[in-house]
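Participant: Sharing work_33.txt below, compact mmCIF, N, CA and C atoms:
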```
# COMPACT_ATOMS: atom_id res chain seq x y z
N VAL B 19 -115.06 -15.68 76.01
CA VAL B 19 -116.26 -14.96 75.63
C VAL B 19 -116.05 -13.45 75.77
N TYR B 20 -115.20 -13.04 76.69
CA TYR B 20 -114.99 -11.61 76.92
C TYR B 20 -114.44 -10.87 75.70
N PRO B 21 -113.48 -11.45 74.96
CA PRO B 21 -113.04 -10.74 73.74
C PRO B 21 -114.16 -10.56 72.72
N LEU B 22 -115.06 -11.53 72.64
CA LEU B 22 -116.20 -11.39 71.73
C LEU B 22 -117.09 -10.23 72.16
N PHE B 23 -117.35 -10.13 73.46
CA PHE B 23 -118.14 -9.01 73.98
C PHE B 23 -117.43 -7.68 73.74
N ALA B 24 -116.11 -7.67 73.90
CA ALA B 24 -115.35 -6.44 73.69
C ALA B 24 -115.41 -6.01 72.22
N ALA B 25 -115.23 -6.95 71.31
CA ALA B 25 -115.29 -6.62 69.88
C ALA B 25 -116.68 -6.15 69.49
N THR B 26 -117.71 -6.81 70.00
CA THR B 26 -119.08 -6.39 69.72
C THR B 26 -119.35 -5.02 70.31
N GLY B 27 -118.85 -4.76 71.51
CA GLY B 27 -119.03 -3.45 72.14
C GLY B 27 -118.36 -2.35 71.35
N VAL B 28 -117.17 -2.61 70.83
CA VAL B 28 -116.48 -1.61 70.01
C VAL B 28 -117.25 -1.34 68.72
N ALA B 29 -117.76 -2.40 68.10
CA ALA B 29 -118.53 -2.23 66.86
C ALA B 29 -119.81 -1.43 67.11
N VAL B 30 -120.50 -1.74 68.19
CA VAL B 30 -121.72 -0.99 68.53
C VAL B 30 -121.37 0.45 68.85
N GLY B 31 -120.26 0.68 69.54
CA GLY B 31 -119.83 2.04 69.85
C GLY B 31 -119.53 2.85 68.61
N ILE B 32 -118.88 2.23 67.63
CA ILE B 32 -118.59 2.93 66.37
C ILE B 32 -119.89 3.27 65.64
N CYS B 33 -120.83 2.34 65.63
CA CYS B 33 -122.13 2.60 64.98
C CYS B 33 -122.87 3.74 65.67
N VAL B 34 -122.89 3.73 66.98
CA VAL B 34 -123.57 4.80 67.73
C VAL B 34 -122.89 6.14 67.48
N MET B 35 -121.56 6.15 67.46
CA MET B 35 -120.85 7.40 67.21
C MET B 35 -121.19 7.96 65.83
N GLN B 36 -121.25 7.10 64.82
CA GLN B 36 -121.58 7.56 63.47
C GLN B 36 -123.02 8.06 63.40
N LEU B 37 -123.94 7.37 64.05
CA LEU B 37 -125.33 7.82 64.06
C LEU B 37 -125.48 9.18 64.73
N VAL B 38 -124.82 9.37 65.86
CA VAL B 38 -124.88 10.66 66.56
C VAL B 38 -124.25 11.75 65.70
N ARG B 39 -123.15 11.44 65.04
CA ARG B 39 -122.51 12.43 64.16
C ARG B 39 -123.44 12.82 63.02
N ASN B 40 -124.09 11.84 62.41
CA ASN B 40 -124.99 12.15 61.31
C ASN B 40 -126.20 12.96 61.78
N ILE B 41 -126.77 12.60 62.91
CA ILE B 41 -127.94 13.31 63.40
C ILE B 41 -127.59 14.73 63.82
N SER B 42 -126.43 14.91 64.43
CA SER B 42 -126.13 16.23 64.99
C SER B 42 -125.46 17.18 64.01
N THR B 43 -124.70 16.68 63.04
CA THR B 43 -123.93 17.60 62.20
C THR B 43 -124.22 17.50 60.71
N ASN B 44 -124.96 16.50 60.25
CA ASN B 44 -125.24 16.36 58.83
C ASN B 44 -126.16 17.49 58.36
N PRO B 45 -125.77 18.23 57.33
CA PRO B 45 -126.60 19.36 56.88
C PRO B 45 -127.91 18.91 56.25
N GLU B 46 -128.03 17.66 55.83
CA GLU B 46 -129.27 17.20 55.23
C GLU B 46 -130.27 16.66 56.24
N VAL B 47 -129.87 16.52 57.49
CA VAL B 47 -130.76 16.02 58.53
C VAL B 47 -131.19 17.21 59.39
N ARG B 48 -132.48 17.48 59.38
CA ARG B 48 -133.03 18.57 60.20
C ARG B 48 -134.17 18.00 61.02
N TRP B 49 -133.95 17.80 62.31
CA TRP B 49 -134.96 17.17 63.13
C TRP B 49 -135.31 17.97 64.39
N VAL B 50 -134.67 19.11 64.62
CA VAL B 50 -134.85 19.83 65.88
C VAL B 50 -136.19 20.56 65.92
N THR B 51 -136.50 21.34 64.90
CA THR B 51 -137.75 22.09 64.91
C THR B 51 -138.55 21.79 63.66
N LYS B 52 -139.84 22.01 63.74
CA LYS B 52 -140.69 21.74 62.59
C LYS B 52 -140.41 22.70 61.45
N GLU B 53 -140.02 23.93 61.76
CA GLU B 53 -139.68 24.90 60.71
C GLU B 53 -138.48 24.43 59.91
N ASN B 54 -137.51 23.87 60.59
CA ASN B 54 -136.33 23.35 59.88
C ASN B 54 -136.71 22.16 59.00
N ARG B 55 -137.60 21.30 59.49
CA ARG B 55 -137.97 20.12 58.71
C ARG B 55 -138.78 20.48 57.48
N THR B 56 -139.58 21.53 57.54
CA THR B 56 -140.42 21.89 56.40
C THR B 56 -139.72 22.86 55.44
N ALA B 57 -138.46 23.19 55.70
CA ALA B 57 -137.75 24.16 54.87
C ALA B 57 -137.46 23.64 53.47
N GLY B 58 -137.46 22.33 53.28
CA GLY B 58 -137.15 21.78 51.96
C GLY B 58 -135.66 21.71 51.72
N VAL B 59 -135.27 21.82 50.47
CA VAL B 59 -133.86 21.73 50.11
C VAL B 59 -133.21 23.10 50.30
N LEU B 60 -132.14 23.11 51.04
CA LEU B 60 -131.41 24.36 51.31
C LEU B 60 -130.11 24.36 50.52
N ASP B 61 -129.67 25.52 50.11
CA ASP B 61 -128.37 25.66 49.46
C ASP B 61 -127.34 26.07 50.50
N ASN B 62 -126.99 25.15 51.35
CA ASN B 62 -126.04 25.43 52.42
C ASN B 62 -124.70 24.74 52.11
N PHE B 63 -124.03 25.25 51.10
CA PHE B 63 -122.79 24.63 50.65
C PHE B 63 -121.68 24.73 51.69
N ALA B 64 -121.64 25.82 52.44
CA ALA B 64 -120.59 25.98 53.45
C ALA B 64 -120.75 24.94 54.56
N GLU B 65 -121.97 24.70 54.96
CA GLU B 65 -122.22 23.70 56.00
C GLU B 65 -121.90 22.30 55.49
N GLY B 66 -122.24 22.02 54.24
CA GLY B 66 -121.90 20.72 53.65
C GLY B 66 -120.41 20.52 53.51
N GLU B 67 -119.70 21.57 53.15
CA GLU B 67 -118.23 21.49 53.06
C GLU B 67 -117.63 21.23 54.43
N LYS B 68 -118.15 21.90 55.45
CA LYS B 68 -117.65 21.70 56.82
C LYS B 68 -117.91 20.27 57.28
N TYR B 69 -119.06 19.71 56.90
CA TYR B 69 -119.40 18.34 57.30
C TYR B 69 -118.52 17.32 56.58
N SER B 70 -118.31 17.50 55.28
CA SER B 70 -117.57 16.50 54.52
C SER B 70 -116.06 16.58 54.76
N GLN B 71 -115.52 17.74 55.06
CA GLN B 71 -114.10 17.89 55.30
C GLN B 71 -113.83 17.96 56.80
N HIS B 72 -114.08 16.87 57.50
CA HIS B 72 -113.94 16.84 58.95
C HIS B 72 -112.47 16.69 59.35
N ALA B 73 -112.21 16.70 60.65
CA ALA B 73 -110.84 16.73 61.17
C ALA B 73 -110.03 15.50 60.76
N LEU B 74 -110.63 14.32 60.78
CA LEU B 74 -109.89 13.12 60.41
C LEU B 74 -109.48 13.16 58.94
N ARG B 75 -110.37 13.61 58.08
CA ARG B 75 -110.04 13.70 56.65
C ARG B 75 -108.94 14.74 56.42
N LYS B 76 -108.98 15.86 57.14
CA LYS B 76 -107.92 16.86 57.00
C LYS B 76 -106.58 16.31 57.49
N PHE B 77 -106.62 15.47 58.54
CA PHE B 77 -105.40 14.91 59.09
C PHE B 77 -104.73 13.95 58.11
N VAL B 78 -105.50 13.09 57.43
CA VAL B 78 -104.91 12.09 56.55
C VAL B 78 -104.82 12.53 55.10
N ARG B 79 -105.19 13.75 54.81
CA ARG B 79 -105.21 14.22 53.41
C ARG B 79 -103.84 14.14 52.75
N ASN B 80 -102.79 14.57 53.41
CA ASN B 80 -101.46 14.61 52.81
C ASN B 80 -100.57 13.43 53.21
N LYS B 81 -101.15 12.42 53.81
CA LYS B 81 -100.38 11.26 54.22
C LYS B 81 -100.39 10.22 53.10
N ALA B 82 -99.34 9.44 53.02
CA ALA B 82 -99.26 8.36 52.04
C ALA B 82 -100.23 7.24 52.47
N PRO B 83 -100.89 6.61 51.52
CA PRO B 83 -101.85 5.55 51.88
C PRO B 83 -101.15 4.23 52.20
N GLU B 84 -100.39 4.22 53.28
CA GLU B 84 -99.66 3.03 53.70
C GLU B 84 -100.04 2.71 55.13
N ILE B 85 -100.14 1.43 55.42
CA ILE B 85 -100.47 1.04 56.79
C ILE B 85 -99.20 1.00 57.64
N MET B 86 -98.14 0.41 57.12
CA MET B 86 -96.87 0.34 57.85
C MET B 86 -95.75 0.87 56.96
N PRO B 87 -95.56 2.19 56.91
CA PRO B 87 -94.58 2.75 55.97
C PRO B 87 -93.15 2.30 56.22
N ASN B 88 -92.75 2.09 57.47
CA ASN B 88 -91.37 1.67 57.74
C ASN B 88 -91.10 0.27 57.18
N ILE B 89 -92.04 -0.63 57.33
CA ILE B 89 -91.85 -1.98 56.78
C ILE B 89 -91.86 -1.93 55.26
N ASN B 90 -92.72 -1.11 54.67
CA ASN B 90 -92.75 -0.98 53.22
C ASN B 90 -91.43 -0.43 52.70
N LYS B 91 -90.86 0.57 53.37
CA LYS B 91 -89.57 1.11 52.95
C LYS B 91 -88.46 0.08 53.10
N PHE B 92 -88.52 -0.71 54.17
CA PHE B 92 -87.49 -1.72 54.39
C PHE B 92 -87.46 -2.74 53.26
N PHE B 93 -88.62 -3.19 52.80
CA PHE B 93 -88.65 -4.24 51.79
C PHE B 93 -88.56 -3.71 50.37
N THR B 94 -88.84 -2.44 50.15
CA THR B 94 -88.81 -1.92 48.78
C THR B 94 -87.60 -1.06 48.48
N ASP B 95 -86.89 -0.61 49.49
CA ASP B 95 -85.71 0.24 49.26
C ASP B 95 -84.56 -0.62 48.77
N PRO B 96 -83.97 -0.29 47.63
CA PRO B 96 -82.87 -1.14 47.10
C PRO B 96 -81.59 -1.02 47.91
N ASN B 97 -81.45 0.00 48.73
CA ASN B 97 -80.21 0.13 49.51
C ASN B 97 -80.27 -0.81 50.62
```
Can I see the file as structure tokens?

Facilitator:
Amino acid sequence: VYPLFAATGVAVGICVMQLVRNISTNPEVRWVTKENRTAGVLDNFAEGEKYSQHALRKFVRNKAPEIMPNINKFFTDPN
């Protein structure tokens, strides 16, 4: 039963992390002050760019989309 609890705990942790990230850094979510909530649609392109191009996306941007590149090279390399 413990592995089931661990897997469920990891899934809940990922969900909580994403919710906190969206609430705290999403440029379309304004919940801190009433003035921010009543501002309507803002043209904050720099903030949206910062939100969408986060550190993980910058890290994997130039990487090949392979899960195990060494095994792929082993089986596909003709040498």

Participant: Tell me, as a list of chain:residue names, which residues lie within 9 Å of B:Asn44, counting only C-alpha atoms; anything in the same chain fewer than 2 positions away does not count.

Facilitator: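 The contact residues come out as B:Arg39, B:Asn40, B:Ile41, B:Ser42, B:Glu46, B:Val47, B:Arg48, B:Glu65, B:Gly66, B:Tyr69, B:Ser70.
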
Participant: Between atom C of B:Ile89 and atom CA of B:Ala29, measure the distance and give it in Å to one decimal.

Facilitator: 29.1 Å

Participant: I'd like the interatomic distance between atom CA of B:Ala24 and atom N of B:Gln36, to a tenth of an Å.

Facilitator: 17.2 Å

Participant: So what do you get for atom CA of B:Arg75 versus atom CA of B:Pro87, distance-wise?

Facilitator: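 About the pair atom CA of B:Arg75 and atom CA of B:Pro87: they are 19.0 Å apart.
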
Participant: What parts of stretch 26-94 of chain B does DSSP call alpha helix (DSSP H)? I'd like the answer as a ChimeraX atom specification.

Facilitator: /B:26-43,52-55,63-70,73-78,87-94
